[in-house]
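The file protein_33.cif comes next; it holds mmCIF, C-alpha atoms.
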data_entry
loop_
_atom_site.label_atom_id
_atom_site.label_comp_id
_atom_site.auth_asym_id
_atom_site.auth_seq_id
_atom_site.Cartn_x
_atom_site.Cartn_y
_atom_site.Cartn_z
CA MET A 510 -16.50 -26.23 12.44
CA PRO A 511 -14.69 -22.94 11.72
CA PRO A 512 -11.19 -22.49 13.14
CA TYR A 513 -10.52 -20.11 15.99
CA LEU A 514 -8.31 -17.35 14.67
CA LEU A 515 -5.48 -16.20 16.90
CA GLY A 516 -2.47 -13.95 16.35
CA LEU A 517 0.65 -15.61 17.75
CA ARG A 518 3.32 -13.30 19.21
CA LEU A 519 6.43 -15.34 18.50
CA ARG A 520 9.18 -12.94 19.53
CA GLY A 521 11.95 -14.93 21.21
CA ARG A 522 10.02 -18.21 20.91
CA ARG A 523 11.42 -21.34 19.25
CA VAL A 524 9.68 -22.47 16.08
CA LEU A 525 10.66 -25.75 14.42
CA VAL A 526 10.46 -26.03 10.63
CA VAL A 527 10.99 -29.50 9.18
CA GLY A 528 11.76 -29.36 5.48
CA GLY A 529 13.89 -27.03 3.39
CA GLY A 530 12.05 -26.66 0.09
CA ARG A 531 9.86 -23.99 -1.49
CA VAL A 532 7.18 -24.07 1.21
CA ALA A 533 9.78 -23.53 3.92
CA GLN A 534 11.32 -20.74 1.86
CA ARG A 535 7.97 -18.90 1.90
CA ARG A 536 7.22 -19.44 5.59
CA VAL A 537 10.58 -18.92 7.29
CA PRO A 538 10.89 -15.19 6.40
CA ALA A 539 7.42 -14.53 7.83
CA LEU A 540 8.38 -16.33 11.04
CA LEU A 541 11.56 -14.26 11.27
CA ASP A 542 9.55 -11.08 10.72
CA ALA A 543 7.45 -12.12 13.73
CA GLY A 544 10.60 -12.41 15.84
CA ALA A 545 10.65 -16.21 16.08
CA GLU A 546 13.83 -18.18 16.78
CA VAL A 547 13.66 -20.55 13.83
CA VAL A 548 15.23 -24.01 13.91
CA LEU A 549 15.31 -25.67 10.48
CA VAL A 550 15.76 -29.42 10.12
CA SER A 551 16.38 -30.74 6.61
CA PRO A 552 19.22 -32.55 4.79
CA GLU A 553 19.05 -29.97 2.01
CA VAL A 554 17.68 -26.43 1.77
CA THR A 555 17.15 -23.82 -0.92
CA ALA A 556 19.85 -21.24 -1.57
CA SER A 557 17.80 -18.53 0.16
CA LEU A 558 17.43 -20.61 3.33
CA GLN A 559 21.12 -21.48 3.26
CA GLY A 560 21.87 -17.76 3.07
CA LEU A 561 19.73 -17.13 6.16
CA ALA A 562 21.59 -19.88 8.00
CA GLU A 563 25.02 -18.57 6.99
CA ALA A 564 23.97 -15.10 8.15
CA GLY A 565 23.07 -16.53 11.55
CA ARG A 566 19.39 -15.70 11.24
CA ILE A 567 18.22 -19.33 11.56
CA ALA A 568 19.69 -22.49 13.05
CA TRP A 569 19.97 -25.20 10.35
CA HIS A 570 20.48 -28.88 11.23
CA ALA A 571 21.49 -30.52 7.94
CA ARG A 572 19.98 -33.92 8.61
CA PRO A 573 16.61 -35.74 8.47
CA TYR A 574 13.98 -35.23 11.15
CA ARG A 575 14.49 -37.20 14.38
CA ARG A 576 12.02 -37.91 17.11
CA GLY A 577 12.64 -35.37 19.88
CA ASP A 578 13.20 -32.43 17.53
CA CYS A 579 9.91 -30.87 18.65
CA ALA A 580 11.08 -30.51 22.23
CA GLY A 581 11.03 -26.91 23.40
CA ALA A 582 9.17 -25.59 20.37
CA TRP A 583 6.11 -23.36 20.67
CA LEU A 584 5.06 -23.99 17.07
CA VAL A 585 5.98 -26.66 14.53
CA GLN A 586 5.80 -26.52 10.74
CA ALA A 587 5.94 -29.83 8.86
CA VAL A 588 6.68 -28.84 5.27
CA THR A 589 8.64 -31.72 3.71
CA ASP A 590 7.52 -33.44 0.52
CA ASP A 591 7.31 -36.78 2.37
CA ALA A 592 3.83 -37.42 3.80
CA LYS A 593 5.13 -40.02 6.26
CA VAL A 594 7.70 -37.61 7.72
CA ASN A 595 5.12 -34.84 8.01
CA GLY A 596 2.74 -37.23 9.78
CA ASN A 597 5.43 -38.26 12.28
CA VAL A 598 6.32 -34.64 13.01
CA VAL A 599 2.70 -33.69 13.66
CA ALA A 600 2.15 -36.78 15.82
CA GLU A 601 5.12 -35.89 18.04
CA ALA A 602 3.94 -32.29 18.33
CA GLU A 603 0.40 -33.40 19.23
CA ALA A 604 1.71 -35.72 21.93
CA ALA A 605 3.66 -32.81 23.42
CA ARG A 606 0.65 -30.44 23.08
CA ILE A 607 2.49 -28.19 20.66
CA TRP A 608 0.51 -26.55 17.89
CA SER A 609 1.66 -27.74 14.46
CA VAL A 610 0.92 -27.08 10.80
CA ARG A 611 1.07 -29.80 8.17
CA ALA A 612 1.57 -28.31 4.72
CA ASP A 613 0.62 -31.34 2.60
CA ASP A 614 -2.68 -32.37 4.25
CA ALA A 615 -5.04 -29.68 5.54
CA GLU A 616 -7.50 -32.18 7.02
CA SER A 617 -4.78 -33.80 9.13
CA SER A 618 -3.25 -30.50 10.22
CA PRO A 619 -4.08 -29.33 13.77
CA ALA A 620 -3.56 -25.71 12.68
CA TRP A 621 -3.72 -23.86 9.36
CA THR A 622 -1.49 -21.09 8.08
CA PRO A 623 -3.67 -18.31 6.66
CA ALA A 624 -3.01 -16.42 3.48
CA SER A 625 -1.53 -13.36 5.15
CA GLY A 626 -0.39 -9.90 4.15
CA GLN A 627 0.74 -6.63 5.67
CA ALA A 628 -0.45 -3.10 4.95
CA GLY A 629 1.07 -0.54 7.28
CA ASP A 630 0.24 -1.60 10.83
CA ALA A 631 -2.57 -3.92 9.70
CA THR A 632 -2.02 -7.67 9.39
CA VAL A 633 -4.55 -9.51 7.26
CA GLY A 634 -5.10 -13.27 7.47
CA VAL A 635 -7.65 -15.29 5.47
CA LEU A 636 -8.65 -18.94 5.94
CA LEU A 637 -11.03 -20.72 3.59
CA GLY A 638 -10.95 -24.31 4.83
CA GLY A 639 -8.50 -25.83 2.39
CA ASP A 640 -8.86 -23.47 -0.58
CA PRO A 641 -5.55 -21.56 -0.46
CA ARG A 642 -5.93 -19.90 -3.86
CA ARG A 643 -9.27 -18.34 -3.04
CA ALA A 644 -7.94 -17.30 0.36
CA ALA A 645 -4.96 -15.64 -1.32
CA GLY A 646 -7.27 -13.81 -3.73
CA ILE A 647 -9.36 -12.38 -0.89
CA ARG A 648 -6.19 -11.52 1.04
CA ASP A 649 -4.84 -9.61 -1.95
CA ALA A 650 -8.08 -7.67 -2.40
CA VAL A 651 -8.14 -6.60 1.26
CA VAL A 652 -4.44 -5.70 1.37
CA ASP A 653 -4.74 -3.70 -1.86
CA GLY A 654 -7.72 -1.84 -0.41
CA LEU A 655 -5.76 -0.97 2.72
CA ARG A 656 -2.69 0.07 0.77
CA ASP A 657 -4.51 2.40 -1.58
CA GLY A 658 -6.66 3.80 1.22
CA ALA A 659 -9.98 2.43 -0.05
CA LEU A 660 -10.61 0.56 3.22
CA GLU A 661 -9.17 3.11 5.61
CA SER A 662 -11.47 4.96 7.99
CA ARG A 663 -11.06 8.55 9.10
CA ARG A 664 -12.96 7.54 12.26
CA SER A 665 -10.20 5.19 13.43
CA ARG A 666 -9.39 5.34 17.15
CA GLN A 667 -5.73 5.73 16.14
CA LYS A 668 -6.35 8.42 13.58
CA PRO A 669 -3.25 10.56 12.89
CA SER A 670 -3.09 14.09 14.22
CA GLY A 671 -1.43 17.27 13.09
CA VAL A 672 -0.03 17.66 9.60
CA ALA A 673 1.37 15.15 7.13
CA LEU A 674 3.65 16.44 4.38
CA VAL A 675 3.03 13.87 1.65
CA GLY A 676 5.10 13.58 -1.50
CA GLY A 677 2.73 12.70 -4.32
CA GLY A 678 5.40 11.71 -6.82
CA PRO A 679 6.10 13.05 -10.32
CA GLY A 680 2.50 13.25 -11.57
CA ASP A 681 1.08 9.80 -12.29
CA PRO A 682 -1.34 9.02 -9.39
CA GLY A 683 -0.05 5.44 -9.33
CA LEU A 684 3.41 6.62 -8.26
CA ILE A 685 2.45 7.95 -4.83
CA THR A 686 3.80 5.80 -1.99
CA VAL A 687 1.59 3.33 -0.15
CA ARG A 688 1.96 5.31 3.08
CA GLY A 689 1.11 8.55 1.33
CA ARG A 690 -2.08 7.09 -0.07
CA GLN A 691 -3.09 5.71 3.31
CA LEU A 692 -2.72 9.06 5.05
CA LEU A 693 -4.49 10.87 2.22
CA ALA A 694 -7.50 8.58 2.73
CA MET A 695 -7.63 9.57 6.41
CA ALA A 696 -7.39 13.34 5.91
CA ASP A 697 -10.00 15.84 7.04
CA VAL A 698 -8.31 18.63 5.07
CA VAL A 699 -6.06 18.37 2.01
CA VAL A 700 -3.90 21.33 1.00
CA THR A 701 -2.71 20.65 -2.53
CA ASP A 702 -1.05 22.37 -5.47
CA ARG A 703 -0.89 22.10 -9.24
CA LEU A 704 2.06 19.65 -9.30
CA ALA A 705 0.39 17.14 -6.99
CA PRO A 706 -1.38 14.16 -8.66
CA GLY A 707 -4.85 15.67 -9.04
CA GLY A 708 -6.49 12.35 -9.89
CA LEU A 709 -6.16 11.30 -6.26
CA LEU A 710 -8.51 14.08 -5.18
CA ASP A 711 -11.44 12.34 -6.88
CA GLU A 712 -11.04 9.45 -4.45
CA LEU A 713 -11.50 11.58 -1.33
CA ALA A 714 -14.66 11.36 0.76
CA PRO A 715 -17.22 14.11 -0.01
CA ASP A 716 -16.74 15.81 3.36
CA VAL A 717 -12.96 16.26 2.96
CA GLU A 718 -12.07 19.93 2.55
CA VAL A 719 -9.69 20.51 -0.36
CA ILE A 720 -7.70 23.76 -0.35
CA ASP A 721 -6.08 24.80 -3.64
CA ALA A 722 -2.66 26.26 -2.84
CA ALA A 723 -1.37 26.45 -6.40
CA LYS A 724 1.69 28.43 -7.39
CA ILE A 725 1.30 29.09 -11.11
CA PRO A 726 4.45 30.48 -12.77
CA TYR A 727 3.83 34.09 -13.78
CA GLY A 728 0.18 33.68 -12.74
CA ARG A 729 -2.05 33.21 -9.71
CA THR A 730 -0.12 32.28 -6.59
CA VAL A 731 -0.94 31.44 -2.98
CA THR A 732 1.93 32.70 -0.86
CA GLN A 733 3.96 30.29 1.23
CA ASP A 734 3.04 32.20 4.37
CA LYS A 735 -0.64 31.66 3.61
CA ILE A 736 -0.08 27.94 3.04
CA ASN A 737 1.75 27.71 6.38
CA ASP A 738 -1.19 29.42 8.08
CA TYR A 739 -3.67 26.98 6.49
CA LEU A 740 -1.78 24.01 7.91
CA VAL A 741 -1.57 25.31 11.46
CA GLU A 742 -5.09 26.77 11.54
CA HIS A 743 -6.85 23.54 10.57
CA ALA A 744 -4.58 21.28 12.63
CA LYS A 745 -5.30 23.35 15.75
CA GLN A 746 -9.02 22.77 15.13
CA GLY A 747 -8.35 19.05 15.69
CA LYS A 748 -8.39 18.14 12.01
CA PHE A 749 -5.87 15.87 10.34
CA VAL A 750 -4.27 17.88 7.53
CA VAL A 751 -2.44 16.42 4.55
CA ARG A 752 -0.22 18.75 2.56
CA LEU A 753 -0.13 16.95 -0.80
CA LYS A 754 2.81 17.97 -2.96
CA GLY A 755 4.34 16.90 -6.22
CA GLY A 756 7.60 14.95 -6.05
CA ASP A 757 9.20 14.85 -2.61
CA PRO A 758 8.33 17.43 0.08
CA PHE A 759 11.99 18.11 0.87
CA VAL A 760 13.29 18.33 -2.72
CA PHE A 761 12.57 21.90 -3.85
CA GLY A 762 9.14 21.51 -2.29
CA ARG A 763 9.44 23.93 0.65
CA GLY A 764 8.55 21.09 2.97
CA GLY A 765 11.25 22.20 5.37
CA GLU A 766 9.63 25.63 5.69
CA GLU A 767 6.25 24.08 6.40
CA ALA A 768 7.70 21.64 8.95
CA LEU A 769 9.47 24.49 10.75
CA HIS A 770 6.31 26.61 10.86
CA CYS A 771 4.28 23.74 12.30
CA ALA A 772 6.98 22.96 14.88
CA ARG A 773 7.04 26.58 16.03
CA HIS A 774 3.29 26.42 16.64
CA GLY A 775 3.35 23.07 18.43
CA VAL A 776 1.74 21.10 15.58
CA PRO A 777 3.10 17.56 15.08
CA VAL A 778 4.36 16.80 11.57
CA THR A 779 4.70 13.52 9.69
CA VAL A 780 6.86 13.53 6.56
CA VAL A 781 6.14 10.97 3.85
CA PRO A 782 8.86 10.96 1.17
CA GLY A 783 7.80 10.94 -2.45
CA ILE A 784 9.42 9.92 -5.72
CA SER A 785 11.26 13.00 -6.92
CA SER A 786 10.60 14.12 -10.48
CA SER A 787 14.32 14.78 -10.80
CA VAL A 788 14.97 11.06 -11.24
CA ALA A 789 11.49 9.70 -12.02
CA VAL A 790 10.81 11.83 -15.09
CA PRO A 791 14.11 11.02 -16.84
CA SER A 792 13.46 7.35 -16.03
CA ALA A 793 9.98 7.58 -17.54
CA ALA A 794 11.60 8.92 -20.72
CA GLY A 795 14.11 6.06 -20.75
CA ILE A 796 17.04 8.22 -19.62
CA PRO A 797 19.25 6.81 -16.82
CA VAL A 798 20.73 9.70 -14.86
CA THR A 799 23.78 7.50 -14.19
CA HIS A 800 25.25 4.88 -16.52
CA ARG A 801 28.40 2.81 -16.20
CA GLY A 802 31.23 4.31 -18.20
CA VAL A 803 29.18 7.42 -19.02
CA ALA A 804 28.16 9.22 -15.82
CA GLN A 805 29.14 8.38 -12.26
CA GLU A 806 27.36 11.36 -10.74
CA PHE A 807 24.33 13.55 -11.28
CA HIS A 808 23.46 17.01 -10.04
CA VAL A 809 19.92 18.21 -9.39
CA VAL A 810 19.57 21.97 -9.73
CA SER A 811 16.71 24.38 -9.14
CA ALA A 812 16.94 26.91 -11.97
CA HIS A 813 14.18 29.22 -10.79
CA VAL A 814 16.76 32.01 -10.94
CA PRO A 815 19.30 32.09 -13.83
CA PRO A 816 23.10 32.14 -13.72
CA GLY A 817 24.40 35.52 -12.65
CA HIS A 818 21.29 36.44 -10.67
CA PRO A 819 22.14 37.85 -7.23
CA GLU A 820 19.77 35.39 -5.53
CA SER A 821 21.34 32.33 -7.19
CA THR A 822 23.34 30.04 -4.89
CA VAL A 823 24.21 27.59 -7.70
CA ASP A 824 27.86 27.26 -8.72
CA TRP A 825 27.21 27.23 -12.47
CA GLU A 826 30.92 27.44 -13.21
CA ALA A 827 31.56 24.18 -11.35
CA LEU A 828 28.62 22.53 -13.13
CA GLY A 829 30.09 23.61 -16.46
CA ARG A 830 33.37 21.89 -15.58
CA ALA A 831 31.73 18.75 -14.22
CA HIS A 832 31.28 15.64 -16.37
CA GLY A 833 28.21 14.19 -14.67
CA THR A 834 24.56 14.49 -15.61
CA LEU A 835 22.72 17.73 -14.90
CA VAL A 836 19.02 17.57 -14.06
CA LEU A 837 17.47 21.03 -14.17
CA LEU A 838 14.11 21.80 -12.59
CA MET A 839 12.13 25.00 -13.24
CA ALA A 840 14.45 25.81 -16.15
CA VAL A 841 12.03 26.17 -19.07
CA GLU A 842 11.93 29.97 -19.06
CA ARG A 843 15.68 30.33 -18.48
CA MET A 844 17.37 27.88 -20.87
CA ALA A 845 18.34 30.74 -23.20
CA VAL A 846 20.61 31.94 -20.37
CA ILE A 847 21.56 28.59 -18.79
CA ALA A 848 22.74 26.79 -21.94
CA PRO A 849 25.25 29.50 -23.01
CA ALA A 850 26.52 29.75 -19.43
CA LEU A 851 27.25 26.00 -19.28
CA VAL A 852 29.07 26.21 -22.61
CA ARG A 853 31.03 29.24 -21.45
CA TYR A 854 32.12 27.37 -18.31
CA GLY A 855 33.30 24.25 -20.15
CA ARG A 856 30.47 22.08 -21.40
CA ALA A 857 30.69 21.28 -25.11
CA SER A 858 28.01 22.93 -27.24
CA ASP A 859 27.17 19.53 -28.76
CA THR A 860 26.41 18.01 -25.33
CA PRO A 861 23.11 16.08 -25.65
CA VAL A 862 20.07 17.57 -23.94
CA ALA A 863 16.59 16.14 -23.37
CA VAL A 864 13.57 18.15 -22.26
CA ILE A 865 10.70 16.06 -20.87
CA GLN A 866 7.36 17.83 -20.52
CA ASP A 867 4.49 16.44 -18.40
CA GLY A 868 6.63 13.52 -17.28
CA THR A 869 4.79 10.28 -16.28
CA LEU A 870 1.46 11.75 -17.45
CA PRO A 871 -0.48 10.69 -20.57
CA GLY A 872 0.71 13.80 -22.43
CA GLN A 873 4.41 13.20 -21.78
CA ARG A 874 6.65 14.25 -24.64
CA THR A 875 10.42 14.51 -25.04
CA LEU A 876 12.42 16.98 -27.09
CA THR A 877 16.09 16.20 -27.76
CA ALA A 878 18.70 18.74 -28.78
CA THR A 879 22.17 19.93 -27.80
CA LEU A 880 23.30 22.73 -25.52
CA GLY A 881 23.89 24.86 -28.57
CA THR A 882 20.39 24.37 -30.00
CA VAL A 883 18.12 23.57 -27.05
CA ALA A 884 16.84 27.09 -26.32
CA GLY A 885 15.72 27.66 -29.90
CA GLU A 886 14.19 24.20 -30.26
CA MET A 887 12.28 24.61 -26.99
CA ALA A 888 10.84 27.89 -28.21
CA ALA A 889 9.94 26.41 -31.60
CA GLY A 890 8.40 23.35 -29.97
CA GLY A 891 6.28 25.34 -27.54
CA VAL A 892 7.69 23.63 -24.47
CA ARG A 893 5.95 24.77 -21.28
CA PRO A 894 6.23 23.91 -17.58
CA PRO A 895 6.31 21.51 -15.92
CA ALA A 896 9.32 20.09 -17.72
CA ILE A 897 12.61 18.52 -16.67
CA VAL A 898 15.83 19.27 -18.56
CA VAL A 899 18.56 16.59 -18.65
CA VAL A 900 22.03 17.57 -19.82
CA GLY A 901 24.69 14.95 -20.50
CA ASP A 902 25.75 11.94 -22.52
CA VAL A 903 23.16 9.74 -20.76
CA VAL A 904 20.64 11.20 -23.21
CA ASP A 905 22.38 9.20 -25.94
CA VAL A 906 21.90 6.02 -23.88
CA ALA A 907 18.15 6.50 -24.17
CA ARG A 908 18.51 7.00 -27.94
CA GLU A 909 20.50 3.76 -28.18
CA ILE A 910 17.79 1.90 -26.27
CA ASP A 911 15.13 3.30 -28.61
CA MET A 912 17.11 2.28 -31.70
CA ILE A 913 17.57 -1.28 -30.43
CA ARG A 914 13.86 -1.54 -29.71
CA ALA A 915 13.05 -0.23 -33.18
CA ASP A 916 15.39 -2.76 -34.79
CA LEU A 917 13.84 -5.62 -32.82
CA GLY A 918 10.42 -4.57 -34.07
CA ARG A 919 11.38 -4.73 -37.74
CA ASP A 920 10.74 -7.74 -39.94
CA PRO A 921 13.95 -9.69 -40.77
#

What does the file become when written as structure tokens?
Amino acid sequence: MPPYLLGLRLRGRRVLVVGGGRVAQRRVPALLDAGAEVVLVSPEVTASLQGLAEAGRIAWHARPYRRGDCAGAWLVQAVTDDAKVNGNVVAEAEAARIWSVRADDAESSPAWTPASGQAGDATVGVLLGGDPRRAAGIRDAVVDGLRDGALESRRSRQKPSGVALVGGGPGDPGLITVRGRQLLAMADVVVTDRLAPGGLLDELAPDVEVIDAAKIPYGRTVTQDKINDYLVEHAKQGKFVVRLKGGDPFVFGRGGEEALHCARHGVPVTVVPGISSSVAVPSAAGIPVTHRGVAQEFHVVSAHVPPGHPESTVDWEALGRAHGTLVLLMAVERMAVIAPALVRYGRASDTPVAVIQDGTLPGQRTLTATLGTVAGEMAAGGVRPPAIVVVGDVVDVAREIDMIRADLGRDP
């Protein structure tokens, strides 16, 4: 007969776990996540379980199981590697009418622990009558579908409202956050731009309205005011609107302006952080923006206006004196002005520079130079936006990594 599935709310309730090995190590964290007061009985435990005990998160009795240990428990887990001990634990629990799980013998276990997983506010549990591997496989498929939005429904009774500002990451569709993908799957309207991961749009339902709000440098542009109006207009029609951006909404993404506009018009806003290209793109090119003994700081700068421009709020003189890594966004068209300014303010002309174009995408390419040569090499190489410029000695760390890899690949 099939089991009766039930979700136990264990907050503040005592749960006894007998055994301190690998099975206990998997189950105790899940019990703690459910709010249970875990009592662990075992002469020895794994290092992770010992750490939980020393932190006061579980009560550990470092001794063998004794009759009477089940008293006061709401749930019992018998997970030792001794079948006789497990049988005695389950027998005591049964006599006291306490539900128990026996890890080593499914047929003798009054209750079964499902293969479980979490995706947002959804908890998934799968039982397959003693076939844990198949259950885990089905669990993984369902959880993956929920996480990437494939199983979400825009008709949910708890469908979000208002506007979600979703950071899509640096370009590769696989680098959007789980939460961002979930909300995108529930959208009625998606307002996107050219830096957002366009591949995700192909996964939207046919009836989702997609609004192109691209800002092309020196080309076609949708004004920020118009984008703000799109968000409020559709949200006030009762539609759930996702503003899909590249990188992070609040890192040079004008997300703050959009959140303010929505707030002023009474539209609720959800902000989903994204992986910023300022750190993700250098990482994708093998460049650590910080490295022990090389750079203890990094500065992220919007270079959409050059040094000396009246609208610039960047202290280029201080950046020239600094020793940390500089990560420059929107700098492609202005490196002929930026590089000499950094040298003039103190950076050595032979400071390594890397320019990464189309970071994280299939066409990613990296150009390396120095501050003294980068502007000319970018022009000769036909570098175009979007590209990230990294200035600092960390560029040489990436070169060292590449050389070591090349040496390992050679025949002895």

Any chance you could resolve the PyMOL selection byres ((chain A and resi 583) around 10) against this file and give the residues as a list of chain:residue names?
A:Leu517, A:Leu519, A:Arg522, A:Arg523, A:Val524, A:Leu525, A:Ala545, A:Cys579, A:Ala580, A:Gly581, A:Ala582, A:Leu584, A:Val585, A:Ala602, A:Arg606, A:Ile607, A:Trp608, A:Ser609

Starting from the displayed file, determine the output of the PyMOL selection byres ((chain A and resi 906) around 9) and express the residue list as a ChimeraX atom specification.
/A:795-797,800,803,902-905,907-911

On this structure, the PyMOL selection byres ((chain A and resi 766-770) around 12) would catch which residues? List them as a VMD selection string, sorted by chain and number.
chain A and resid 671 to 675 700 733 to 742 751 to 754 758 to 765 771 to 781

How would the residues just chosen look if you wrote them out with C-alpha atoms as a PDB file, in the coordinates of the input?
ATOM      1  CA  GLY A 671      -1.430  17.270  13.090  1.00  0.00           C
ATOM      2  CA  VAL A 672      -0.030  17.660   9.600  1.00  0.00           C
ATOM      3  CA  ALA A 673       1.370  15.150   7.130  1.00  0.00           C
ATOM      4  CA  LEU A 674       3.650  16.440   4.380  1.00  0.00           C
ATOM      5  CA  VAL A 675       3.030  13.870   1.650  1.00  0.00           C
ATOM      6  CA  VAL A 700      -3.900  21.330   1.000  1.00  0.00           C
ATOM      7  CA  GLN A 733       3.960  30.290   1.230  1.00  0.00           C
ATOM      8  CA  ASP A 734       3.040  32.200   4.370  1.00  0.00           C
ATOM      9  CA  LYS A 735      -0.640  31.660   3.610  1.00  0.00           C
ATOM     10  CA  ILE A 736      -0.080  27.940   3.040  1.00  0.00           C
ATOM     11  CA  ASN A 737       1.750  27.710   6.380  1.00  0.00           C
ATOM     12  CA  ASP A 738      -1.190  29.420   8.080  1.00  0.00           C
ATOM     13  CA  TYR A 739      -3.670  26.980   6.490  1.00  0.00           C
ATOM     14  CA  LEU A 740      -1.780  24.010   7.910  1.00  0.00           C
ATOM     15  CA  VAL A 741      -1.570  25.310  11.460  1.00  0.00           C
ATOM     16  CA  GLU A 742      -5.090  26.770  11.540  1.00  0.00           C
ATOM     17  CA  VAL A 751      -2.440  16.420   4.550  1.00  0.00           C
ATOM     18  CA  ARG A 752      -0.220  18.750   2.560  1.00  0.00           C
ATOM     19  CA  LEU A 753      -0.130  16.950  -0.800  1.00  0.00           C
ATOM     20  CA  LYS A 754       2.810  17.970  -2.960  1.00  0.00           C
ATOM     21  CA  PRO A 758       8.330  17.430   0.080  1.00  0.00           C
ATOM     22  CA  PHE A 759      11.990  18.110   0.870  1.00  0.00           C
ATOM     23  CA  VAL A 760      13.290  18.330  -2.720  1.00  0.00           C
ATOM     24  CA  PHE A 761      12.570  21.900  -3.850  1.00  0.00           C
ATOM     25  CA  GLY A 762       9.140  21.510  -2.290  1.00  0.00           C
ATOM     26  CA  ARG A 763       9.440  23.930   0.650  1.00  0.00           C
ATOM     27  CA  GLY A 764       8.550  21.090   2.970  1.00  0.00           C
ATOM     28  CA  GLY A 765      11.250  22.200   5.370  1.00  0.00           C
ATOM     29  CA  CYS A 771       4.280  23.740  12.300  1.00  0.00           C
ATOM     30  CA  ALA A 772       6.980  22.960  14.880  1.00  0.00           C
ATOM     31  CA  ARG A 773       7.040  26.580  16.030  1.00  0.00           C
ATOM     32  CA  HIS A 774       3.290  26.420  16.640  1.00  0.00           C
ATOM     33  CA  GLY A 775       3.350  23.070  18.430  1.00  0.00           C
ATOM     34  CA  VAL A 776       1.740  21.100  15.580  1.00  0.00           C
ATOM     35  CA  PRO A 777       3.100  17.560  15.080  1.00  0.00           C
ATOM     36  CA  VAL A 778       4.360  16.800  11.570  1.00  0.00           C
ATOM     37  CA  THR A 779       4.700  13.520   9.690  1.00  0.00           C
ATOM     38  CA  VAL A 780       6.860  13.530   6.560  1.00  0.00           C
ATOM     39  CA  VAL A 781       6.140  10.970   3.850  1.00  0.00           C
TER      40      VAL A 781
END

Suppose you want the space between atom CA of A:Pro895 and atom CA of A:Arg703; what is it in Å?
9.8 Å

Would you compute the distance between atom CA of A:Asp697 and atom CA of A:Ala714? Give it in Å to one decimal.
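Computing it gives 9.0 Å between the two atoms.
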
Quick one: distance from atom CA of A:Pro511 to atom CA of A:Leu637 in Å, one decimal?
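Result for atom CA of A:Pro511 versus atom CA of A:Leu637: 9.2 Å, one decimal.
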
Which residues, written as number ranges by chain, have at least one atom at most 6 Å from stretch 874-880 of chain A, with only C-alpha atoms counted and residues fewer than 2 positions away on the same chain left out?
A: 848, 858-866, 882-883

Near A:Ser617, counting all atoms listed in the file, which residues have an atom at most 12 Å away, once you skip same-chain residues fewer than 6 positions from it, shown as a PyMOL selection string?
chain A and resi 587+592+595-600+603+609-611+639

Just the residues within 9 Å of A:Leu713, please, counting all atoms listed in the file, with nothing from its chain fewer than 6 positions along; format it as a ChimeraX atom specification.
/A:693-696
